[in-house]
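Pasting model17.txt here (compact mmCIF, C-alpha atoms and all ligand atoms):
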```txt
# COMPACT_ATOMS: atom_id res chain seq x y z
CA MET A 1 93.98 123.36 94.38
CA SER A 2 91.03 122.85 92.09
CA SER A 3 88.02 120.74 92.83
CA ALA A 4 88.41 117.10 91.86
CA VAL A 5 87.03 115.39 88.83
CA ARG A 6 83.60 114.47 90.01
CA THR A 7 83.19 110.76 89.56
CA LEU A 8 80.04 110.54 91.66
CA SER A 9 77.01 111.31 89.58
CA PRO A 10 75.42 114.69 90.32
CA ASP A 11 72.10 112.95 89.61
CA ASP A 12 72.53 111.08 92.89
CA GLU A 13 72.80 114.29 94.89
CA THR A 14 70.32 114.68 97.70
CA GLU A 15 68.67 118.02 98.32
CA GLU A 16 71.04 118.57 101.26
CA GLU A 17 74.05 117.86 99.02
CA LYS A 18 72.81 120.24 96.35
CA GLN A 19 72.62 123.02 98.94
CA LEU A 20 76.02 122.13 100.42
CA MET A 21 77.63 122.01 96.95
CA LYS A 22 76.19 125.40 96.06
CA LYS A 23 77.74 126.85 99.20
CA TRP A 24 81.03 124.93 98.65
CA ASN A 25 81.41 126.16 95.07
CA SER A 26 80.81 129.77 96.09
CA THR A 27 83.33 129.60 98.97
CA SER A 28 86.81 130.96 98.25
CA PHE A 29 89.84 128.68 98.45
CA PHE A 30 91.16 130.79 101.34
CA SER A 31 88.02 130.09 103.41
CA LYS A 32 88.42 126.35 102.86
CA LEU A 33 91.83 126.27 104.57
CA ALA A 34 92.11 124.42 107.90
CA TRP A 35 94.40 126.88 109.65
CA ARG A 36 95.02 124.94 112.87
CA ASN A 37 96.47 121.97 110.95
CA ILE A 38 98.42 124.24 108.61
CA ILE A 39 100.10 125.96 111.56
CA LEU A 40 100.80 122.72 113.46
CA LEU A 41 102.22 120.93 110.42
CA THR A 42 104.31 123.96 109.50
CA LEU A 43 105.84 124.15 112.99
CA LEU A 44 106.34 120.42 113.23
CA HIS A 45 108.62 119.98 110.24
CA PRO A 46 111.48 122.35 111.23
CA ALA A 47 111.36 120.88 114.75
CA ALA A 48 111.65 117.37 113.25
CA LEU A 49 114.59 118.52 111.12
CA TYR A 50 116.30 119.81 114.26
CA GLY A 51 115.67 116.36 115.82
CA LEU A 52 117.28 114.78 112.76
CA TYR A 53 120.29 117.08 113.18
CA LEU A 54 120.60 116.06 116.85
CA GLY A 55 120.26 112.42 115.79
CA VAL A 56 123.25 112.81 113.49
CA VAL A 57 125.58 114.95 115.61
CA SER A 58 124.61 114.72 119.24
CA VAL A 59 122.61 111.85 120.73
CA LYS A 60 123.80 108.34 121.56
CA TRP A 61 123.06 105.37 119.32
CA SER A 62 120.88 103.96 122.09
CA THR A 63 118.58 107.01 121.82
CA ILE A 64 118.12 106.34 118.10
CA ILE A 65 117.52 102.62 118.68
CA TYR A 66 114.97 103.18 121.48
CA SER A 67 113.23 105.91 119.44
CA SER A 68 113.08 103.56 116.44
CA LEU A 69 111.56 100.79 118.55
CA ILE A 70 108.88 103.21 119.78
CA GLY A 71 108.43 104.24 116.13
CA TYR A 72 107.73 100.65 115.10
CA TRP A 73 105.34 100.22 118.02
CA SER A 74 103.41 103.37 117.11
CA GLY A 75 103.50 102.28 113.44
CA PHE A 76 101.84 98.98 114.37
CA GLY A 77 99.18 101.04 116.15
CA ILE A 78 98.29 102.36 112.69
CA THR A 79 98.93 99.35 110.43
CA ALA A 80 98.05 96.36 112.60
CA GLY A 81 95.61 98.35 114.75
CA ALA A 82 93.69 101.19 113.09
CA HIS A 83 93.99 99.69 109.60
CA ARG A 84 94.00 95.88 109.58
CA LEU A 85 92.13 95.27 112.85
CA TRP A 86 89.66 98.10 113.35
CA THR A 87 88.98 99.38 109.83
CA HIS A 88 88.92 96.12 107.91
CA ARG A 89 88.41 93.47 110.62
CA THR A 90 90.95 91.23 108.89
CA TYR A 91 91.58 89.38 112.16
CA LYS A 92 90.32 89.36 115.72
CA ALA A 93 92.34 90.41 118.75
CA LYS A 94 92.03 89.64 122.44
CA LEU A 95 91.75 92.45 124.97
CA PRO A 96 95.48 92.73 125.91
CA LEU A 97 96.46 93.10 122.23
CA ARG A 98 93.68 95.62 121.61
CA ILE A 99 94.90 97.71 124.56
CA PHE A 100 98.52 97.40 123.35
CA LEU A 101 97.52 98.58 119.88
CA ALA A 102 95.27 101.38 121.16
CA LEU A 103 98.18 102.72 123.23
CA ALA A 104 100.49 102.42 120.22
CA ASN A 105 97.90 104.22 118.13
CA THR A 106 97.71 107.04 120.68
CA ILE A 107 101.51 107.46 120.50
CA ALA A 108 101.20 107.65 116.68
CA PHE A 109 98.79 110.63 117.09
CA GLN A 110 96.87 110.38 113.81
CA THR A 111 93.37 111.01 115.17
CA PRO A 112 91.53 108.50 117.42
CA LEU A 113 90.98 104.94 116.19
CA TYR A 114 87.30 105.64 115.69
CA VAL A 115 87.95 108.61 113.41
CA TRP A 116 90.84 106.93 111.57
CA ALA A 117 88.82 103.78 110.84
CA ARG A 118 85.77 105.82 109.80
CA ASP A 119 87.78 107.96 107.36
CA HIS A 120 89.52 104.91 105.95
CA ARG A 121 86.25 103.06 105.39
CA VAL A 122 85.00 106.13 103.53
CA HIS A 123 88.22 106.09 101.47
CA HIS A 124 87.64 102.47 100.43
CA ALA A 125 83.93 102.89 99.78
CA PHE A 126 84.30 105.99 97.60
CA SER A 127 87.92 105.72 96.47
CA GLU A 128 89.11 108.52 94.19
CA THR A 129 85.84 110.40 94.12
CA ASP A 130 84.92 113.65 95.84
CA ALA A 131 83.66 111.58 98.77
CA ASP A 132 87.16 110.15 99.32
CA PRO A 133 88.82 112.18 102.14
CA HIS A 134 92.21 112.04 100.34
CA ASN A 135 91.07 111.74 96.75
CA ALA A 136 94.22 111.01 94.70
CA ASN A 137 92.61 112.63 91.64
CA ARG A 138 93.34 115.94 93.35
CA GLY A 139 97.10 115.35 93.01
CA PHE A 140 100.03 114.05 95.05
CA PHE A 141 100.16 116.86 97.61
CA PHE A 142 96.44 116.83 98.33
CA SER A 143 96.30 113.05 98.82
CA HIS A 144 99.55 113.08 100.85
CA MET A 145 98.94 115.84 103.39
CA GLY A 146 97.04 118.67 101.70
CA TRP A 147 93.71 117.06 102.60
CA LEU A 148 94.51 117.72 106.26
CA MET A 149 95.00 121.40 105.48
CA LEU A 150 91.62 121.87 103.85
CA LYS A 151 88.07 121.55 105.08
CA LYS A 152 86.35 118.34 104.01
CA HIS A 153 84.51 118.22 100.71
CA PRO A 154 80.76 118.05 101.53
CA TYR A 155 80.49 114.59 99.96
CA VAL A 156 83.02 113.17 102.43
CA THR A 157 80.58 113.94 105.22
CA THR A 158 77.28 113.21 103.51
CA ARG A 159 78.33 109.97 101.80
CA GLY A 160 80.40 108.97 104.82
CA ARG A 161 77.27 108.92 106.95
CA LYS A 162 76.24 105.77 105.14
CA ILE A 163 79.19 103.80 106.49
CA ASP A 164 78.36 101.34 109.27
CA LEU A 165 80.44 102.03 112.38
CA SER A 166 78.44 99.92 114.83
CA ASP A 167 81.33 97.48 115.40
CA LEU A 168 83.60 100.35 116.43
CA LYS A 169 80.98 101.72 118.79
CA ALA A 170 80.64 98.26 120.35
CA ASP A 171 84.36 98.01 121.14
CA PRO A 172 85.04 99.53 124.59
CA VAL A 173 88.77 99.95 123.82
CA VAL A 174 87.97 102.09 120.77
CA MET A 175 85.38 104.18 122.58
CA LEU A 176 87.50 104.64 125.72
CA GLN A 177 90.40 105.89 123.60
CA TYR A 178 87.97 108.19 121.77
CA MET A 179 86.66 109.67 125.03
CA LEU A 180 90.10 110.13 126.61
CA TYR A 181 91.88 111.22 123.44
CA ILE A 182 92.01 115.00 123.89
CA PRO A 183 93.45 115.11 127.43
CA VAL A 184 95.67 112.07 126.94
CA VAL A 185 97.14 112.26 123.43
CA VAL A 186 99.68 115.07 123.87
CA PRO A 187 101.31 113.67 127.05
CA VAL A 188 101.29 110.10 125.67
CA SER A 189 102.45 110.97 122.18
CA PHE A 190 104.85 113.87 122.77
CA PHE A 191 106.13 113.76 126.35
CA LEU A 192 106.11 110.13 127.51
CA PRO A 193 108.26 108.56 124.72
CA PRO A 194 111.20 111.00 125.16
CA LEU A 195 110.94 110.55 128.94
CA LEU A 196 111.37 106.79 128.53
CA VAL A 197 114.13 107.16 125.92
CA SER A 198 116.00 109.70 128.07
CA TYR A 199 115.73 107.38 131.10
CA TRP A 200 117.00 104.38 129.13
CA SER A 201 119.78 106.10 127.17
CA GLY A 202 120.89 108.82 129.58
CA ASP A 203 120.66 111.53 126.89
CA PRO A 204 119.15 114.92 127.93
CA TYR A 205 115.34 114.96 127.85
CA TRP A 206 114.99 117.80 125.31
CA ASN A 207 117.37 116.12 122.86
CA CYS A 208 115.23 112.99 123.09
CA PHE A 209 112.11 115.16 122.69
CA PHE A 210 113.24 116.52 119.31
CA VAL A 211 114.39 113.07 118.15
CA SER A 212 110.89 111.84 119.08
CA LEU A 213 109.39 114.56 116.88
CA THR A 214 111.52 113.25 114.01
CA ARG A 215 110.19 109.75 114.66
CA TYR A 216 106.64 111.14 114.68
CA VAL A 217 107.05 112.97 111.38
CA ILE A 218 108.64 109.92 109.69
CA ILE A 219 105.65 107.77 110.71
CA LEU A 220 103.24 110.47 109.50
CA HIS A 221 104.83 110.65 106.04
CA SER A 222 105.11 106.87 105.82
CA THR A 223 101.36 106.62 106.43
CA TRP A 224 100.56 109.45 104.01
CA LEU A 225 102.57 107.75 101.24
CA VAL A 226 99.93 105.01 101.21
CA ASN A 227 97.31 107.61 100.26
CA SER A 228 99.52 109.42 97.74
CA ALA A 229 102.32 107.35 96.12
CA ALA A 230 100.44 104.04 96.47
CA HIS A 231 97.58 105.58 94.48
CA LEU A 232 99.83 107.05 91.80
CA TYR A 233 103.12 105.24 91.09
CA GLY A 234 103.24 101.51 90.47
CA ASN A 235 101.67 98.57 88.70
CA LYS A 236 98.19 97.05 88.95
CA PRO A 237 98.45 93.26 88.86
CA TYR A 238 94.97 92.67 90.28
CA ASP A 239 92.78 95.44 88.86
CA ARG A 240 93.90 97.89 86.20
CA TYR A 241 90.60 99.77 86.37
CA ILE A 242 91.22 101.27 89.82
CA GLY A 243 93.76 103.86 90.96
CA PRO A 244 95.66 102.06 93.78
CA VAL A 245 98.98 100.45 92.83
CA GLU A 246 101.65 98.11 94.15
CA ASN A 247 104.64 100.12 95.40
CA LYS A 248 107.47 98.39 97.23
CA TRP A 249 108.99 101.64 98.51
CA VAL A 250 105.73 102.50 100.22
CA ALA A 251 105.63 98.92 101.55
CA PHE A 252 109.09 99.48 103.03
CA PHE A 253 108.28 102.79 104.73
CA ALA A 254 104.74 101.85 105.76
CA VAL A 255 105.81 98.43 107.14
CA GLY A 256 103.80 96.43 104.61
CA GLU A 257 101.01 98.75 103.47
CA GLY A 258 102.30 99.52 99.95
CA TRP A 259 100.64 96.57 98.20
CA HIS A 260 97.70 98.80 97.60
CA ASN A 261 96.26 97.47 94.34
CA TYR A 262 95.86 94.11 96.09
CA HIS A 263 94.53 95.73 99.24
CA HIS A 264 91.78 97.66 97.48
CA VAL A 265 90.70 94.50 95.63
CA PHE A 266 90.91 92.21 98.67
CA PRO A 267 90.62 94.48 101.74
CA GLN A 268 89.67 91.54 103.94
CA ASP A 269 93.16 89.96 103.79
CA TYR A 270 95.11 90.48 107.03
CA LYS A 271 98.40 90.58 105.06
CA THR A 272 97.17 93.47 102.84
CA SER A 273 99.18 91.71 100.14
CA GLU A 274 99.38 88.47 98.25
CA LEU A 275 102.92 87.72 99.33
CA GLY A 276 103.51 85.79 102.50
CA GLY A 277 107.05 87.10 103.00
CA TYR A 278 107.89 89.39 105.90
CA LYS A 279 110.70 91.37 104.28
CA LEU A 280 108.47 94.16 103.02
CA ASN A 281 105.56 93.42 105.34
CA ILE A 282 106.71 93.61 108.96
CA THR A 283 103.14 94.21 110.09
CA THR A 284 102.21 90.71 108.91
CA MET A 285 105.13 89.34 110.93
CA PHE A 286 103.80 91.20 113.97
CA ILE A 287 100.26 89.83 113.53
CA ASP A 288 101.59 86.30 112.98
CA ALA A 289 103.66 86.64 116.16
CA MET A 290 100.55 87.78 118.03
CA ALA A 291 98.66 84.79 116.61
CA TRP A 292 101.46 82.53 117.83
CA LEU A 293 101.06 84.08 121.29
CA GLY A 294 97.32 83.48 121.13
CA GLN A 295 96.46 87.19 121.06
CA ALA A 296 95.33 87.37 117.41
CA TYR A 297 93.00 84.84 115.81
CA ASP A 298 90.66 84.27 112.85
CA LEU A 299 93.25 85.70 110.46
CA LYS A 300 91.51 86.12 107.12
CA THR A 301 93.19 85.66 103.77
CA VAL A 302 92.17 84.92 100.21
CA PRO A 303 92.56 81.56 98.41
CA ASP A 304 95.19 81.52 95.66
CA HIS A 305 92.73 80.60 92.90
CA VAL A 306 90.53 83.62 93.73
CA ILE A 307 93.55 85.94 93.50
CA THR A 308 94.85 84.39 90.29
CA GLY A 309 91.40 84.40 88.69
CA ARG A 310 90.92 88.06 89.52
CA ALA A 311 94.40 88.97 88.24
CA GLU A 312 93.70 87.19 84.95
CA ARG A 313 90.36 88.92 84.53
CA THR A 314 91.18 92.48 85.46
CA GLY A 315 94.95 92.78 86.10
CA ASP A 316 97.40 94.75 83.96
CA GLY A 317 99.41 91.61 83.12
CA SER A 318 102.14 92.19 85.71
CA HIS A 319 100.88 89.49 88.11
CA LYS A 320 103.38 86.73 88.78
CA PRO A 321 101.50 83.56 89.75
CA GLN A 322 104.64 81.90 91.11
CA GLU A 323 104.66 84.46 93.90
CA SER A 324 101.24 83.33 94.94
CA HIS A 325 102.42 80.70 97.34
CA TYR A 326 100.99 81.73 100.66
CA GLN A 327 98.12 79.80 102.12
CA ASN A 328 96.86 80.27 105.61
CA ASN A 329 95.11 77.44 107.38
CA ASN A 330 92.97 79.94 109.21
CA THR A 331 91.27 81.08 106.01
CA VAL A 332 87.78 82.13 106.97
CA ILE A 333 86.98 84.19 103.91
CA SER A 334 83.31 84.13 103.02
CA LYS A 335 81.91 84.01 99.52
CA SER A 336 80.43 87.45 99.79
CA LYS A 337 83.68 88.91 101.05
CA SER A 338 85.66 87.38 98.20
CA ASN A 339 83.52 89.38 95.87
CA ILE A 340 84.44 92.71 97.41
CA ASP A 341 85.90 94.86 94.68
CA THR A 342 85.37 98.26 93.21
CA SER A 343 81.64 97.85 93.62
CA THR A 344 82.19 98.15 97.37
CA ALA A 345 81.06 101.75 97.13
CA LYS A 346 77.65 100.74 95.95
CA SER A 347 77.14 98.10 98.60
CA MET A 348 78.51 100.31 101.35
CA SER A 349 76.32 103.17 100.28
CA ASN A 350 73.37 101.00 101.22
CA ILE A 351 74.60 100.50 104.72
CA ASP A 352 72.37 101.64 107.54
CA THR A 353 72.31 105.40 107.81
CA SER A 354 71.65 105.38 111.52
CA THR A 355 75.25 106.44 112.16
CA ALA A 356 74.72 109.78 110.46
CA LYS A 357 75.19 111.74 113.64
CA SER A 358 78.64 110.33 114.20
CA LEU A 359 80.12 112.15 111.23
ZN ZN A 401 92.55 99.86 103.80
ZN ZN A 402 93.85 103.55 99.21
```

Written as C-alpha cells, that's how I'd like the structure from this file.
Ligand SMILES: [Zn+2]
Ligand SMILES: [Zn+2]
Amino acid sequence: MSSAVRTLSPDDETEEEKQLMKKWNSTSFFSKLAWRNIILLTLLHPAALYGLYLGVVSVKWSTIIYSSLIGYWSGFGITAGAHRLWTHRTYKAKLPLRIFLALANTIAFQTPLYVWARDHRVHHAFSETDADPHNANRGFFFSHMGWLMLKKHPYVTTRGRKIDLSDLKADPVVMLQYMLYIPVVVPVSFFLPPLLVSYWSGDPYWNCFFVSLTRYVIILHSTWLVNSAAHLYGNKPYDRYIGPVENKWVAFFAVGEGWHNYHHVFPQDYKTSELGGYKLNITTMFIDAMAWLGQAYDLKTVPDHVITGRAERTGDGSHKPQESHYQNNNTVISKSKSNIDTSTAKSMSNIDTSTAKSL
C-alpha cells in the first residue's frame, strides 16, 4: 500500500511535521501495521460467517428478526448518533434520546462517540488528502477497512489537532461513554444482545452469539462502504470537483448515508441528502419520528434554491431538480453554514488548536 498522492502542500508543513514525515518515510510498511486490529478483524470474519451459516440452517426466524432490530438500533447509534448528531450537529437531541443513541453506539462498537466524531470531522475537513484518516485516494481497500489495519499517517494527527471538539467535551453523555468505554463495550456489544435475543427467541445462547457477530460485521461493512464505495462509484450532482459520490446501494446498506456528494457539500443537513423520501434513508425517518416525539429538535436542512444553485454551478449535470421537493419548516440554516463546501478544510484548519492534546 503506497503512500497517498499528497494533496496538502509540503510548503505548509510545520517543523514537527517535517520530522514526523522523515521518520514515516523511512519506516517499513511492516512496521506501520496495526497488528491488534489485523488479528481481531481476521478472527471476526470467519466467526461472522459461522453465524451466517447458523442463521440459514439452525436458528429460528425470531432470532433473525430480533438480531436485525438490534442491528438497526446499533446502526442508528452510528448514523443518527455519531454522525448526524454528534459529528455534524445537524439537529439537537434531548437527554433521553442522547442516552438511547449512546447506548446504541456502544452496541455498534466502532470506537467511542468522541473518537468517531473527531475522526469524521477530520475526514470532512481534509477529505482525500493524507490528513484524511480513510483517504480514498489510497484505494478501495484502504478507505474501506485497511486504514484500521495501519498506523495513522502523521498528518491525520497533526492536522486533526486543529479541529474544535469543545462541543463534544461539553456533552456529559459523550464524555461518560468515553470514560466507561473500555470496561463496558465488550459486555454491551458482544454479550448483552445475544442474551436478550436468546431470552426472547428461546434459541441457545451461543447460536445467538454467533448470529450477533454476523449482525456486527454487517453493520461494520455498511459503515465502511460510506468511506470507500461512496467516495469512488457514483455520480456527482452537486460538486464534480470533489471525490464523494451519490450511491444508492450504499444508502440502502448504510440506512441513508450513501448520498455522499450531497453530504460533503451540505454537511449541515440532518437528512444527509436532498431527497425527503424515507425509502433509502431510514435514519431520516428515525430522526423525524424522534422529532414527532419531541426528542429531536432544530432539524437543519438546506433551502431548495441553494441546492439547485450549487448543482448548476458545480454539479456534473446529473442533478434532477424535480426531486428537490423537500422543505422543512424547521430550517435554521445560517448564511455561513450554507457556504460550507470544499473550502471547509481551510476554515477548519483555523479552528482553535487548544484541543491538540486530545488527539
Ligand atoms: Zn459526515
Ligand atoms: Zn466522506

Legend entry - Nearest residue to ligand ZN 401 (chain A) from the set A:Thr314, A:Thr90, A:Thr284, A:Ser201 (distances using all atoms listed in the file):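 Using all atoms listed in the file, ligand ZN 401 (chain A) sits closest to A:Thr90.
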
List the spatial neighbours of Gly55 (chain A) as a compact mmCIF listing (two decimals) with C-alpha atoms, keeping the file's coordinate frame - criterion: any atom at most 12 Å away, only C-alpha atoms, same-chain residues fewer than 6 positions off excluded.
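Produced file out.txt, reproduced below:
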```txt
# COMPACT_ATOMS: atom_id res chain seq x y z
CA ALA A 48 111.65 117.37 113.25
CA LEU A 49 114.59 118.52 111.12
CA TRP A 61 123.06 105.37 119.32
CA SER A 62 120.88 103.96 122.09
CA THR A 63 118.58 107.01 121.82
CA ILE A 64 118.12 106.34 118.10
CA ILE A 65 117.52 102.62 118.68
CA SER A 67 113.23 105.91 119.44
CA SER A 68 113.08 103.56 116.44
CA ASP A 203 120.66 111.53 126.89
CA ASN A 207 117.37 116.12 122.86
CA CYS A 208 115.23 112.99 123.09
CA PHE A 209 112.11 115.16 122.69
CA PHE A 210 113.24 116.52 119.31
CA VAL A 211 114.39 113.07 118.15
CA SER A 212 110.89 111.84 119.08
CA LEU A 213 109.39 114.56 116.88
CA THR A 214 111.52 113.25 114.01
CA ARG A 215 110.19 109.75 114.66
```

Legend entry - Site check for ligand ZN 401 (chain A): residues at most 7 Å away, only C-alpha atoms and all ligand atoms, as JSON, numbers by chain: {"A": [83, 88, 120, 124, 263, 264, 267]}

Legend entry - Test item: residues lying within 8 Å of ligand ZN 402 (chain A) with all atoms listed in the file, as number ranges by chain: A: 123-124, 127, 226-227, 230-231, 244, 260, 263-264

Legend entry - Nearby residues, (100.4, 102.5, 113.8) file frame, 9 Å, only C-alpha atoms, as a PyMOL selection string: chain A and resi 71-83+101+104-110+219+223

Legend entry - Atom pair CA of Trp249 (chain A) / CA of Asp298 (chain A): separation (Å): 29.0 Å

Inset, instruction - Would you mind telling me which residue in A:Leu95, A:Leu103, A:Val156, A:Ala170 lies nearest to Thr129 (chain A) when using only C-alpha atoms? - result: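 Using only C-alpha atoms, Thr129 (chain A) sits closest to A:Val156.
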
Legend entry - Counting all atoms listed in the file, the option among A:Val217, A:Tyr66, A:Leu299, A:Tyr238 closest to Pro193 (chain A):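 Distance minimum relative to Pro193 (chain A) lands on A:Tyr66.
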
Inset, instruction - Can you pull out every residue within 8 Å of Phe252 (chain A), counting only C-alpha atoms, but drop anything in the same chain fewer than 6 positions away, and send it as a PyMOL selection string? - result: chain A and resi 258+280-281

Go ahead and save the residues from that selection, with C-alpha atoms, as a short mmCIF file (atom, residue, chain, number, x, y, z; two decimals), keeping the file's coordinate frame.
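Once everything was written out, this is again.cif:
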```cif
data_model
loop_
_atom_site.label_atom_id
_atom_site.label_comp_id
_atom_site.auth_asym_id
_atom_site.auth_seq_id
_atom_site.Cartn_x
_atom_site.Cartn_y
_atom_site.Cartn_z
CA GLY A 258 102.30 99.52 99.95
CA LEU A 280 108.47 94.16 103.02
CA ASN A 281 105.56 93.42 105.34
#
```

Inset, instruction - Starting from the point (97.0, 111.3, 124.3), work out which residues of protein, DNA or RNA have an atom no more than 12 Å away when counting only C-alpha atoms; state them as a PyMOL selection string. - result: chain A and resi 102-113+176-193

Store the residues picked out above, limited to C-alpha atoms, as a PDB file, in the frame of the given file.
```
ATOM      1  CA  ALA A 102      95.270 101.380 121.160  1.00  0.00           C
ATOM      2  CA  LEU A 103      98.180 102.720 123.230  1.00  0.00           C
ATOM      3  CA  ALA A 104     100.490 102.420 120.220  1.00  0.00           C
ATOM      4  CA  ASN A 105      97.900 104.220 118.130  1.00  0.00           C
ATOM      5  CA  THR A 106      97.710 107.040 120.680  1.00  0.00           C
ATOM      6  CA  ILE A 107     101.510 107.460 120.500  1.00  0.00           C
ATOM      7  CA  ALA A 108     101.200 107.650 116.680  1.00  0.00           C
ATOM      8  CA  PHE A 109      98.790 110.630 117.090  1.00  0.00           C
ATOM      9  CA  GLN A 110      96.870 110.380 113.810  1.00  0.00           C
ATOM     10  CA  THR A 111      93.370 111.010 115.170  1.00  0.00           C
ATOM     11  CA  PRO A 112      91.530 108.500 117.420  1.00  0.00           C
ATOM     12  CA  LEU A 113      90.980 104.940 116.190  1.00  0.00           C
ATOM     13  CA  LEU A 176      87.500 104.640 125.720  1.00  0.00           C
ATOM     14  CA  GLN A 177      90.400 105.890 123.600  1.00  0.00           C
ATOM     15  CA  TYR A 178      87.970 108.190 121.770  1.00  0.00           C
ATOM     16  CA  MET A 179      86.660 109.670 125.030  1.00  0.00           C
ATOM     17  CA  LEU A 180      90.100 110.130 126.610  1.00  0.00           C
ATOM     18  CA  TYR A 181      91.880 111.220 123.440  1.00  0.00           C
ATOM     19  CA  ILE A 182      92.010 115.000 123.890  1.00  0.00           C
ATOM     20  CA  PRO A 183      93.450 115.110 127.430  1.00  0.00           C
ATOM     21  CA  VAL A 184      95.670 112.070 126.940  1.00  0.00           C
ATOM     22  CA  VAL A 185      97.140 112.260 123.430  1.00  0.00           C
ATOM     23  CA  VAL A 186      99.680 115.070 123.870  1.00  0.00           C
ATOM     24  CA  PRO A 187     101.310 113.670 127.050  1.00  0.00           C
ATOM     25  CA  VAL A 188     101.290 110.100 125.670  1.00  0.00           C
ATOM     26  CA  SER A 189     102.450 110.970 122.180  1.00  0.00           C
ATOM     27  CA  PHE A 190     104.850 113.870 122.770  1.00  0.00           C
ATOM     28  CA  PHE A 191     106.130 113.760 126.350  1.00  0.00           C
ATOM     29  CA  LEU A 192     106.110 110.130 127.510  1.00  0.00           C
ATOM     30  CA  PRO A 193     108.260 108.560 124.720  1.00  0.00           C
TER      31      PRO A 193
END
```

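Proximity of A:Arg159, A:Lys248, A:His319, A:Arg310 to Glu17 (chain A), computed with all atoms listed in the file, is greatest for A:Arg159.
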
Legend entry - Atomic separation - CA of Phe286 (chain A) relative to CA of Glu274 (chain A), Å: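 Distance reported for this atom pair: 16.6 Å.
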
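When CA of Ala117 (chain A) is paired with CA of Met149 (chain A), their separation reads 19.4 Å.
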
Legend entry - Residues within 12 Å of Leu293 (chain A), all atoms listed in the file, excluding chain neighbours under 6 positions, as a PyMOL selection string: chain A and resi 93-94+96-97+286-287

Inset, instruction - Extract, using only C-alpha atoms, all DNA, RNA and protein residues at most 10 Å from Ala34 (chain A), discarding same-chain residues fewer than 4 positions from it, and format them as a ChimeraX atom specification. - result: /A:30,38-39,146-152

Write a file for region 45-58 of chain A of the given structure; include C-alpha atoms and format it as a short mmCIF file (atom, residue, chain, number, x, y, z; two decimals), in the first residue's frame.
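Below you can see part_18.cif, which holds the result:
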```cif
data_model
loop_
_atom_site.label_atom_id
_atom_site.label_comp_id
_atom_site.auth_asym_id
_atom_site.auth_seq_id
_atom_site.Cartn_x
_atom_site.Cartn_y
_atom_site.Cartn_z
CA HIS A 45 -14.92 -12.60 9.79
CA PRO A 46 -14.89 -16.44 9.95
CA ALA A 47 -16.91 -16.23 13.19
CA ALA A 48 -19.45 -13.99 11.42
CA LEU A 49 -19.62 -16.45 8.52
CA TYR A 50 -20.37 -19.24 11.01
CA GLY A 51 -23.15 -17.01 12.42
CA LEU A 52 -24.49 -16.60 8.89
CA TYR A 53 -24.46 -20.38 8.45
CA LEU A 54 -26.39 -20.81 11.73
CA GLY A 55 -28.80 -18.10 10.56
CA VAL A 56 -29.56 -20.11 7.44
CA VAL A 57 -29.71 -23.66 8.83
CA SER A 58 -30.30 -23.57 12.54
#
```
